[in-house]
>>> print(open('input_3.pdb').read())   # PDB, C-alpha atoms
ATOM      1  CA  MET V   1    -100.316  57.207  -9.701
ATOM      2  CA  VAL V   2    -103.697  57.567 -11.266
ATOM      3  CA  ALA V   3    -105.730  54.445 -11.710
ATOM      4  CA  ALA V   4    -106.830  53.458 -15.140
ATOM      5  CA  GLU V   5    -110.391  54.387 -15.896
ATOM      6  CA  GLY V   6    -112.815  52.052 -14.231
ATOM      7  CA  GLU V   7    -110.112  50.444 -12.137
ATOM      8  CA  ARG V   8    -109.281  50.779  -8.499
ATOM      9  CA  ALA V   9    -105.975  52.340  -7.493
ATOM     10  CA  GLU V  10    -103.801  50.103  -5.367
ATOM     11  CA  THR V  11    -101.272  52.780  -4.462
ATOM     12  CA  THR V  12    -101.006  56.490  -4.951
ATOM     13  CA  GLU V  13     -97.953  58.673  -5.085
ATOM     14  CA  GLU V  14     -99.875  61.912  -5.061
ATOM     15  CA  ARG V  15    -102.762  62.938  -2.879
ATOM     16  CA  PRO V  16    -105.904  63.695  -4.931
ATOM     17  CA  GLU V  17    -105.944  67.267  -3.699
ATOM     18  CA  GLN V  18    -102.488  67.705  -5.224
ATOM     19  CA  GLN V  19    -103.771  66.746  -8.642
ATOM     20  CA  ASP V  20    -105.758  69.026 -10.861
ATOM     21  CA  PHE V  21    -108.315  66.567 -12.143
ATOM     22  CA  SER V  22    -110.779  69.350 -12.856
ATOM     23  CA  ALA V  23    -108.530  70.509 -15.705
ATOM     24  CA  SER V  24    -109.097  67.144 -17.377
ATOM     25  CA  GLY V  25    -112.826  67.298 -16.711
ATOM     26  CA  PHE V  26    -112.884  65.024 -13.684
ATOM     27  CA  GLN V  27    -114.763  65.958 -10.564
ATOM     28  CA  ARG V  28    -114.694  64.259  -7.208
ATOM     29  CA  ILE V  29    -118.019  62.627  -6.508
ATOM     30  CA  ALA V  30    -117.421  60.820  -3.220
ATOM     31  CA  ALA V  31    -115.161  58.730  -1.063
ATOM     32  CA  VAL V  32    -115.016  55.024  -1.878
ATOM     33  CA  ASP V  33    -116.389  54.395   1.629
ATOM     34  CA  GLU V  34    -119.709  55.779   0.489
ATOM     35  CA  LEU V  35    -120.264  52.608  -1.505
ATOM     36  CA  ASP V  36    -120.974  50.916   1.800
ATOM     37  CA  PRO V  37    -123.285  49.409   2.870
ATOM     38  CA  HIS V  38    -125.246  48.815  -0.337
ATOM     39  CA  GLY V  39    -122.413  48.626  -2.838
ATOM     40  CA  GLN V  40    -123.831  51.674  -4.594
ATOM     41  CA  PHE V  41    -124.901  55.266  -4.132
ATOM     42  CA  SER V  42    -126.247  58.015  -6.318
ATOM     43  CA  LYS V  43    -125.410  61.676  -6.220
ATOM     44  CA  TRP V  44    -125.874  64.862  -8.210
ATOM     45  CA  VAL V  45    -122.622  66.406  -9.400
ATOM     46  CA  GLY V  46    -123.469  69.687 -11.044
ATOM     47  CA  ASP V  47    -126.259  68.889 -13.494
ATOM     48  CA  HIS V  48    -125.440  65.182 -13.614
ATOM     49  CA  ASP V  49    -127.131  62.567 -11.466
ATOM     50  CA  ILE V  50    -124.808  59.579 -11.283
ATOM     51  CA  VAL V  51    -125.127  56.125  -9.779
ATOM     52  CA  VAL V  52    -121.782  54.695  -8.683
ATOM     53  CA  PHE V  53    -121.593  50.998  -7.895
ATOM     54  CA  ARG V  54    -119.282  48.113  -7.399
ATOM     55  CA  GLN V  55    -119.637  45.105  -9.693
ATOM     56  CA  ASN V  56    -117.267  42.153  -9.677
ATOM     57  CA  GLY V  57    -114.744  44.189  -7.705
ATOM     58  CA  GLU V  58    -114.786  47.054 -10.193
ATOM     59  CA  ILE V  59    -116.251  50.478  -9.531
ATOM     60  CA  LYS V  60    -118.409  51.900 -12.297
ATOM     61  CA  ALA V  61    -120.583  54.947 -12.868
ATOM     62  CA  LEU V  62    -123.746  55.243 -14.938
ATOM     63  CA  SER V  63    -126.236  58.031 -15.432
ATOM     64  CA  ASN V  64    -128.878  57.739 -12.713
ATOM     65  CA  ILE V  65    -131.468  59.428 -14.910
ATOM     66  CA  CYS V  66    -133.810  56.980 -16.607
ATOM     67  CA  PRO V  67    -134.187  58.128 -20.225
ATOM     68  CA  HIS V  68    -137.853  57.095 -20.113
ATOM     69  CA  PHE V  69    -139.281  59.790 -17.810
ATOM     70  CA  GLY V  70    -136.281  60.786 -15.692
ATOM     71  CA  GLY V  71    -136.675  58.459 -12.726
ATOM     72  CA  PRO V  72    -133.881  57.366 -10.386
ATOM     73  CA  VAL V  73    -132.303  54.212 -11.795
ATOM     74  CA  GLY V  74    -130.296  53.462  -8.642
ATOM     75  CA  TYR V  75    -133.102  53.878  -6.107
ATOM     76  CA  HIS V  76    -133.345  50.142  -5.517
ATOM     77  CA  ARG V  77    -130.239  48.152  -4.783
ATOM     78  CA  MET V  78    -128.871  46.466  -7.895
ATOM     79  CA  LYS V  79    -130.002  42.852  -8.135
ATOM     80  CA  ASP V  80    -128.448  40.193 -10.364
ATOM     81  CA  GLY V  81    -126.521  42.838 -12.252
ATOM     82  CA  VAL V  82    -129.658  44.812 -13.066
ATOM     83  CA  PHE V  83    -130.954  48.195 -11.891
ATOM     84  CA  THR V  84    -134.717  48.709 -11.798
ATOM     85  CA  CYS V  85    -135.895  52.302 -12.018
ATOM     86  CA  LEU V  86    -138.208  53.249  -9.174
ATOM     87  CA  TRP V  87    -140.840  55.050 -11.214
ATOM     88  CA  HIS V  88    -141.833  52.634 -13.975
ATOM     89  CA  ASN V  89    -139.655  49.578 -13.386
ATOM     90  CA  TYR V  90    -137.496  50.055 -16.454
ATOM     91  CA  ARG V  91    -134.574  47.643 -16.113
ATOM     92  CA  PHE V  92    -130.969  48.392 -17.033
ATOM     93  CA  GLU V  93    -127.997  46.095 -17.263
ATOM     94  CA  ALA V  94    -125.379  47.474 -14.878
ATOM     95  CA  ALA V  95    -122.438  46.208 -16.932
ATOM     96  CA  THR V  96    -123.437  48.064 -20.085
ATOM     97  CA  GLY V  97    -126.218  50.513 -19.200
ATOM     98  CA  ARG V  98    -128.385  48.802 -21.801
ATOM     99  CA  CYS V  99    -132.138  48.959 -21.174
ATOM    100  CA  LEU V 100    -133.725  45.511 -21.028
ATOM    101  CA  ASN V 101    -137.245  46.831 -21.670
ATOM    102  CA  ASN V 102    -136.564  49.065 -24.634
ATOM    103  CA  LYS V 103    -133.584  48.424 -26.881
ATOM    104  CA  ASN V 104    -133.522  52.064 -27.970
ATOM    105  CA  LEU V 105    -132.652  53.284 -24.492
ATOM    106  CA  CYS V 106    -129.296  53.185 -22.767
ATOM    107  CA  LEU V 107    -127.668  54.816 -19.764
ATOM    108  CA  ARG V 108    -124.485  56.765 -20.319
ATOM    109  CA  GLU V 109    -121.419  55.320 -18.654
ATOM    110  CA  TYR V 110    -119.164  57.896 -17.011
ATOM    111  CA  LYS V 111    -115.398  57.601 -17.111
ATOM    112  CA  LEU V 112    -114.164  57.163 -13.600
ATOM    113  CA  LYS V 113    -110.931  57.264 -11.616
ATOM    114  CA  VAL V 114    -110.344  56.009  -8.134
ATOM    115  CA  VAL V 115    -107.456  57.699  -6.385
ATOM    116  CA  ASP V 116    -106.480  57.388  -2.761
ATOM    117  CA  GLY V 117    -109.972  56.582  -1.531
ATOM    118  CA  SER V 118    -111.779  59.121  -3.687
ATOM    119  CA  ILE V 119    -113.954  58.553  -6.734
ATOM    120  CA  TRP V 120    -113.702  60.998  -9.616
ATOM    121  CA  VAL V 121    -115.994  61.129 -12.639
ATOM    122  CA  ARG V 122    -115.588  62.873 -15.969
ATOM    123  CA  LEU V 123    -118.723  64.819 -16.813
ATOM    124  CA  VAL V 124    -117.751  66.377 -20.154
ATOM    125  CA  GLU V 125    -115.866  64.426 -22.811
ATOM    126  CA  ASN V 126    -116.825  66.130 -26.030
ATOM    127  CA  ALA V 127    -116.830  69.694 -27.286
ATOM    128  CA  GLU V 128    -120.146  71.407 -27.996
ATOM    129  CA  ASP V 129    -121.772  70.577 -31.336
TER     130      ASP V 129
ATOM    131  CA  MET B   1    -177.962  57.755   3.154
ATOM    132  CA  ALA B   2    -174.979  59.523   4.684
ATOM    133  CA  THR B   3    -171.803  60.964   3.200
ATOM    134  CA  LEU B   4    -168.375  60.137   4.564
ATOM    135  CA  MET B   5    -165.939  62.902   3.796
ATOM    136  CA  ALA B   6    -162.259  63.755   4.092
ATOM    137  CA  LYS B   7    -160.192  66.669   2.854
ATOM    138  CA  CYS B   8    -156.395  66.882   2.566
ATOM    139  CA  SER B   9    -154.226  69.668   1.258
ATOM    140  CA  MET B  10    -150.493  70.100   0.669
ATOM    141  CA  GLU B  11    -148.206  72.429  -1.259
ATOM    142  CA  MET B  12    -145.450  71.547  -3.737
ATOM    143  CA  ASP B  13    -142.496  73.350  -5.275
ATOM    144  CA  CYS B  14    -143.473  72.690  -8.859
ATOM    145  CA  PRO B  15    -146.063  73.979 -11.338
ATOM    146  CA  ARG B  16    -149.491  72.348 -11.306
ATOM    147  CA  GLU B  17    -148.811  70.755 -14.719
ATOM    148  CA  ILE B  18    -146.263  68.458 -13.089
ATOM    149  CA  VAL B  19    -148.878  67.290 -10.586
ATOM    150  CA  ILE B  20    -151.360  66.657 -13.410
ATOM    151  CA  TRP B  21    -148.675  64.681 -15.238
ATOM    152  CA  ASN B  22    -148.165  62.637 -12.083
ATOM    153  CA  TYR B  23    -151.879  61.844 -11.709
ATOM    154  CA  TYR B  24    -152.163  60.776 -15.347
ATOM    155  CA  ASP B  25    -148.967  58.736 -15.293
ATOM    156  CA  HIS B  26    -150.873  55.599 -14.276
ATOM    157  CA  GLU B  27    -147.897  53.334 -14.810
ATOM    158  CA  HIS B  28    -145.990  54.769 -11.866
ATOM    159  CA  VAL B  29    -148.358  53.300  -9.283
ATOM    160  CA  VAL B  30    -146.670  49.863  -9.405
ATOM    161  CA  GLY B  31    -143.258  51.551  -9.411
ATOM    162  CA  THR B  32    -143.208  54.575  -7.140
ATOM    163  CA  HIS B  33    -146.041  53.170  -4.998
ATOM    164  CA  TYR B  34    -145.018  49.519  -5.202
ATOM    165  CA  LYS B  35    -145.588  49.052  -1.469
ATOM    166  CA  TYR B  36    -149.295  49.793  -1.887
ATOM    167  CA  TYR B  37    -150.228  48.918  -5.463
ATOM    168  CA  SER B  38    -149.761  45.413  -6.789
ATOM    169  CA  GLU B  39    -151.352  45.709 -10.231
ATOM    170  CA  PHE B  40    -153.334  47.963 -12.530
ATOM    171  CA  LYS B  41    -154.900  47.902 -15.950
ATOM    172  CA  ILE B  42    -155.679  50.774 -18.270
ATOM    173  CA  LEU B  43    -158.961  49.661 -19.790
ATOM    174  CA  ALA B  44    -159.480  52.776 -21.879
ATOM    175  CA  GLU B  45    -157.878  56.169 -22.207
ATOM    176  CA  ARG B  46    -158.253  59.143 -24.492
ATOM    177  CA  ASP B  47    -157.281  62.784 -24.094
ATOM    178  CA  ASP B  48    -157.999  63.682 -20.454
ATOM    179  CA  TRP B  49    -160.215  60.735 -19.493
ATOM    180  CA  CYS B  50    -159.312  57.224 -18.573
ATOM    181  CA  LEU B  51    -160.791  54.071 -17.110
ATOM    182  CA  VAL B  52    -158.331  52.253 -14.883
ATOM    183  CA  GLU B  53    -158.578  49.196 -12.666
ATOM    184  CA  ARG B  54    -156.245  49.190  -9.647
ATOM    185  CA  PHE B  55    -155.350  46.597  -7.034
ATOM    186  CA  TYR B  56    -153.899  47.849  -3.776
ATOM    187  CA  ARG B  57    -153.635  47.489  -0.030
ATOM    188  CA  LEU B  58    -155.329  50.090   2.138
ATOM    189  CA  PRO B  59    -153.414  51.516   5.089
ATOM    190  CA  VAL B  60    -154.866  51.576   8.642
ATOM    191  CA  VAL B  61    -157.419  48.829   7.913
ATOM    192  CA  ASN B  62    -154.714  46.812   6.075
ATOM    193  CA  LEU B  63    -157.131  45.381   3.528
ATOM    194  CA  ARG B  64    -156.468  44.298  -0.021
ATOM    195  CA  ALA B  65    -158.895  46.064  -2.335
ATOM    196  CA  SER B  66    -159.479  46.921  -5.947
ATOM    197  CA  SER B  67    -161.500  49.542  -7.758
ATOM    198  CA  LEU B  68    -162.517  50.608 -11.210
ATOM    199  CA  GLY B  69    -161.772  54.283 -11.597
ATOM    200  CA  PHE B  70    -162.861  56.867 -14.120
ATOM    201  CA  MET B  71    -160.791  60.031 -14.180
ATOM    202  CA  TYR B  72    -161.188  63.193 -16.196
ATOM    203  CA  MET B  73    -160.430  66.898 -16.035
ATOM    204  CA  GLU B  74    -163.462  68.879 -14.963
ATOM    205  CA  SER B  75    -161.513  72.072 -15.629
ATOM    206  CA  PRO B  76    -157.825  73.008 -16.072
ATOM    207  CA  ASN B  77    -157.487  73.115 -12.269
ATOM    208  CA  LEU B  78    -159.710  70.213 -11.276
ATOM    209  CA  ILE B  79    -159.342  66.479 -11.779
ATOM    210  CA  ARG B  80    -162.244  64.226 -10.864
ATOM    211  CA  SER B  81    -161.692  60.596 -10.078
ATOM    212  CA  ILE B  82    -164.670  58.346  -9.470
ATOM    213  CA  GLN B  83    -163.754  54.939  -8.122
ATOM    214  CA  HIS B  84    -166.161  52.056  -7.914
ATOM    215  CA  GLY B  85    -165.153  49.453  -5.354
ATOM    216  CA  LYS B  86    -165.976  45.753  -5.279
ATOM    217  CA  LEU B  87    -168.464  46.259  -2.427
ATOM    218  CA  GLY B  88    -170.506  48.635  -4.549
ATOM    219  CA  LEU B  89    -169.255  51.734  -2.794
ATOM    220  CA  VAL B  90    -168.238  54.731  -4.881
ATOM    221  CA  LEU B  91    -165.416  57.060  -3.867
ATOM    222  CA  ASP B  92    -165.722  60.468  -5.446
ATOM    223  CA  GLN B  93    -162.409  62.337  -5.409
ATOM    224  CA  TRP B  94    -161.993  65.990  -6.366
ATOM    225  CA  ILE B  95    -158.389  67.001  -6.914
ATOM    226  CA  GLU B  96    -157.978  70.731  -7.088
ATOM    227  CA  ILE B  97    -154.561  71.983  -8.208
ATOM    228  CA  GLU B  98    -153.909  75.693  -8.049
ATOM    229  CA  ASP B  99    -150.771  77.610  -8.952
ATOM    230  CA  LEU B 100    -149.467  79.703  -6.066
ATOM    231  CA  GLU B 101    -146.307  80.959  -7.732
ATOM    232  CA  LEU B 102    -144.462  80.180 -10.942
ATOM    233  CA  GLU B 103    -142.959  77.041  -9.409
ATOM    234  CA  ARG B 104    -145.307  76.352  -6.529
ATOM    235  CA  CYS B 105    -148.797  74.917  -6.329
ATOM    236  CA  ARG B 106    -151.337  73.635  -3.824
ATOM    237  CA  VAL B 107    -153.112  70.284  -4.148
ATOM    238  CA  THR B 108    -156.414  69.877  -2.303
ATOM    239  CA  CYS B 109    -158.133  66.523  -2.402
ATOM    240  CA  THR B 110    -161.729  66.115  -1.290
ATOM    241  CA  TYR B 111    -163.003  62.573  -0.890
ATOM    242  CA  LYS B 112    -166.687  61.696  -0.575
ATOM    243  CA  MET B 113    -168.399  58.360  -0.242
ATOM    244  CA  GLU B 114    -172.146  57.769  -0.047
ATOM    245  CA  VAL B 115    -173.004  55.071   2.501
ATOM    246  CA  PRO B 116    -176.141  53.750   4.205
ATOM    247  CA  ALA B 117    -177.165  55.950   7.134
ATOM    248  CA  PHE B 118    -176.047  53.427   9.755
ATOM    249  CA  ALA B 119    -172.495  53.547   8.351
ATOM    250  CA  ARG B 120    -171.995  57.192   9.286
ATOM    251  CA  VAL B 121    -170.256  55.882  12.430
ATOM    252  CA  PHE B 122    -167.345  54.979  10.148
ATOM    253  CA  GLN B 123    -166.583  58.644   9.453
ATOM    254  CA  PRO B 124    -163.535  58.773  11.824
ATOM    255  CA  LEU B 125    -162.104  55.552  10.361
ATOM    256  CA  PHE B 126    -162.769  56.776   6.813
ATOM    257  CA  GLU B 127    -161.040  60.068   7.504
ATOM    258  CA  ARG B 128    -158.080  58.408   9.182
ATOM    259  CA  THR B 129    -157.630  55.891   6.360
ATOM    260  CA  ILE B 130    -157.924  58.519   3.636
ATOM    261  CA  ARG B 131    -155.540  60.874   5.404
ATOM    262  CA  ARG B 132    -152.949  58.118   5.883
ATOM    263  CA  TRP B 133    -153.321  57.137   2.224
ATOM    264  CA  PHE B 134    -152.945  60.724   1.067
ATOM    265  CA  GLU B 135    -149.876  61.286   3.227
ATOM    266  CA  ALA B 136    -148.216  57.999   2.303
ATOM    267  CA  THR B 137    -148.657  58.481  -1.426
ATOM    268  CA  TRP B 138    -147.743  62.157  -1.164
ATOM    269  CA  GLU B 139    -144.484  61.217   0.529
ATOM    270  CA  GLU B 140    -143.644  59.032  -2.473
ATOM    271  CA  ASP B 141    -145.018  61.359  -5.135
ATOM    272  CA  ALA B 142    -143.360  64.529  -3.842
ATOM    273  CA  PRO B 143    -139.744  63.547  -4.719
ATOM    274  CA  MET B 144    -140.983  62.213  -8.048
ATOM    275  CA  ARG B 145    -142.636  65.516  -8.949
ATOM    276  CA  LEU B 146    -139.670  67.583  -7.782
ATOM    277  CA  ARG B 147    -137.250  65.426  -9.721
ATOM    278  CA  ARG B 148    -139.435  65.489 -12.820
ATOM    279  CA  TRP B 149    -139.509  69.262 -12.604
ATOM    280  CA  LYS B 150    -135.755  69.438 -12.081
ATOM    281  CA  VAL B 151    -134.845  67.239 -15.059
ATOM    282  CA  TRP B 152    -137.457  68.983 -17.190
ATOM    283  CA  LYS B 153    -135.780  72.321 -16.514
ATOM    284  CA  LEU B 154    -132.443  70.738 -17.439
ATOM    285  CA  GLY B 155    -133.893  69.936 -20.854
ATOM    286  CA  PHE B 156    -135.186  66.399 -20.349
ATOM    287  CA  ARG B 157    -137.092  64.781 -23.189
ATOM    288  CA  ASP B 158    -139.179  61.649 -22.697
ATOM    289  CA  PHE B 159    -137.640  58.477 -24.123
ATOM    290  CA  ARG B 160    -134.407  60.412 -24.828
ATOM    291  CA  GLY B 161    -133.135  61.824 -21.576
ATOM    292  CA  LEU B 162    -130.788  64.787 -21.354
ATOM    293  CA  ASP B 163    -128.930  65.581 -24.559
ATOM    294  CA  TYR B 164    -125.843  66.985 -22.831
ATOM    295  CA  VAL B 165    -125.546  63.802 -20.774
ATOM    296  CA  ASN B 166    -125.973  61.529 -23.772
ATOM    297  CA  ARG B 167    -123.620  63.530 -25.969
ATOM    298  CA  LYS B 168    -121.141  64.009 -23.133
ATOM    299  CA  THR B 169    -120.987  67.731 -23.816
ATOM    300  CA  ALA B 170    -121.232  70.690 -21.454
ATOM    301  CA  ASN B 171    -124.672  71.613 -20.238
ATOM    302  CA  PRO B 172    -125.929  74.691 -22.141
ATOM    303  CA  ALA B 173    -126.085  77.675 -19.806
ATOM    304  CA  ALA B 174    -129.818  78.215 -20.295
ATOM    305  CA  ASN B 175    -130.641  74.769 -18.934
ATOM    306  CA  GLY B 176    -131.843  74.711 -15.362
ATOM    307  CA  THR B 177    -133.912  77.870 -15.609
ATOM    308  CA  TYR B 178    -137.701  77.982 -15.824
ATOM    309  CA  ARG B 179    -139.082  76.056 -18.775
ATOM    310  CA  PRO B 180    -142.874  75.961 -19.361
ATOM    311  CA  TYR B 181    -144.328  72.485 -18.976
ATOM    312  CA  PRO B 182    -147.031  71.879 -21.577
ATOM    313  CA  ILE B 183    -149.318  69.146 -20.327
ATOM    314  CA  ARG B 184    -150.307  66.776 -23.106
ATOM    315  CA  LEU B 185    -152.756  64.003 -22.286
ATOM    316  CA  PRO B 186    -152.718  61.129 -22.326
ATOM    317  CA  ILE B 187    -149.197  60.599 -20.997
ATOM    318  CA  PRO B 188    -147.175  58.423 -23.417
ATOM    319  CA  LYS B 189    -147.212  54.800 -22.342
ATOM    320  CA  THR B 190    -144.367  52.340 -22.398
ATOM    321  CA  PRO B 191    -144.507  51.019 -25.968
ATOM    322  CA  GLU B 192    -143.477  47.520 -24.946
ATOM    323  CA  ALA B 193    -146.664  46.972 -22.912
ATOM    324  CA  PRO B 194    -149.615  46.115 -25.178
ATOM    325  CA  PRO B 195    -152.740  48.213 -24.423
ATOM    326  CA  GLY B 196    -154.991  46.567 -21.848
ATOM    327  CA  SER B 197    -152.376  44.018 -20.858
ATOM    328  CA  GLY B 198    -151.972  45.442 -17.382
ATOM    329  CA  TYR B 199    -148.954  46.096 -15.248
ATOM    330  CA  LYS B 200    -147.787  44.190 -12.209
ATOM    331  CA  ARG B 201    -145.193  45.279  -9.716
ATOM    332  CA  PRO B 202    -142.032  43.234 -10.202
ATOM    333  CA  PHE B 203    -141.370  42.931  -6.477
ATOM    334  CA  GLU B 204    -143.112  43.650  -3.194
ATOM    335  CA  LYS B 205    -140.008  44.269  -1.110
ATOM    336  CA  SER B 206    -136.746  45.946  -1.937
ATOM    337  CA  THR B 207    -133.595  47.288  -0.362
ATOM    338  CA  GLU B 208    -134.021  50.966  -1.003
ATOM    339  CA  VAL B 209    -130.869  53.013  -1.456
ATOM    340  CA  GLY B 210    -132.914  56.124  -2.081
ATOM    341  CA  TYR B 211    -132.950  59.077  -4.455
TER     342      TYR B 211
END
>>> encode(input="input_3.pdb", output="structure tokens")
Amino acid sequence: MVAAEGERAETTEERPEQQDFSASGFQRIAAVDELDPHGQFSKWVGDHDIVVFRQNGEIKALSNICPHFGGPVGYHRMKDGVFTCLWHNYRFEAATGRCLNNKNLCLREYKLKVVDGSIWVRLVENAED
Amino acid sequence: MATLMAKCSMEMDCPREIVIWNYYDHEHVVGTHYKYYSEFKILAERDDWCLVERFYRLPVVNLRASSLGFMYMESPNLIRSIQHGKLGLVLDQWIEIEDLELERCRVTCTYKMEVPAFARVFQPLFERTIRRWFEATWEEDAPMRLRRWKVWKLGFRDFRGLDYVNRKTANPAANGTYRPYPIRLPIPKTPEAPPGSGYKRPFEKSTEVGY
């Protein structure tokens, strides 16, 4: 069974290595265990830097690249549902990716699956322009 | 009079323009260097010169201090920063940035301070403090410069980010290769901060997860 996007899988009938997620654009980013001890981590997957975090029991993934100058949004541990970018203290709402300093900026949310202890993210959703 | 002096040099895997960008990105001091800087104000800035007031804590001597600094580009490879401290002392900093390869440069900082003759005994302390400061800030600036260079090569645009990330499309094949970095001064400031209003660090301590 594959968990719904953004939800945690309670049981799995197939091992993740038996499933071809890459065909649907998903790539494994990490084991769920890597969320410990801070409840978050960031990692480059290909040309995407992604911050994965747990919020209200749900695992989510946002772009870790601050659209201001490119700083790491998830450098500091999330506090009160807000990420503060290391470089210039731009603040982003974890639930939505919305920037609290500049309403024109927003972090992309990545579609995510959690299967049998592994976290998978979908990097590409749309065809080229 | 006597001159206290210190010289530090390090190399980086990025073009010198990225280092210049980093020096002129004043706003990062209360972000990237939040452990040292508590506040700063840009009093004036145009093209390659600026007048900035900074409040910080010095390593080794562990003293809170502030200075009024004037910075400009003496030449394409040399930044000069002249900082006037509250005690009337002036720190003259020469920052030489030379390209070694296409994506590698060397930064050499020379610090000089004129002091009364009797104060020449402070030369070892001056050198130790400056060296610690240089190393501590370098340790925080280095990942910033490397990351800036990396995202730039991936096609990053200020206040927009990466188009392929935002549009959720595949990354064009050309992204990630060398892309010239045109340095344009001054560095764009955060539009939500009124000029001269100053910037304070939002917190002094944090649980750092890391890059």
>>> resolve_selection(input="input_3.pdb", expression="the ChimeraX specification (/V :<7) & /B", output="list in words")
Glu27, His28, Gly31, Thr32, Arg148, Val151, Asp158, Phe159, Arg160, Gly161, Asn166, Lys168, Thr169, Ala170, Ser206, Thr207, Glu208, Val209, Gly210 and Tyr211 of chain B
>>> closest_residue(input="input_3.pdb", among="B:Ser75, B:Thr137, B:Gln93, B:Gln123", to="His33 of chain B", atoms="only C-alpha atoms")
B:Thr137
>>> resolve_selection(input="input_3.pdb", expression="the PyMOL selection byres ((chain B and resi 146) around 10)", output="PyMOL selection string")
chain B and resi 12-15+18-19+141-145+147-152
>>> atom_distance(input="input_3.pdb", atom1="atom CA of Leu63 of chain B", atom2="atom CA of Leu125 of chain B")
13.2 Å
>>> resolve_selection(input="input_3.pdb", expression="the PyMOL selection byres ((chain B and resi 100-109) around 7)", output="number ranges by chain")
B: 7-16, 93-99, 110-111
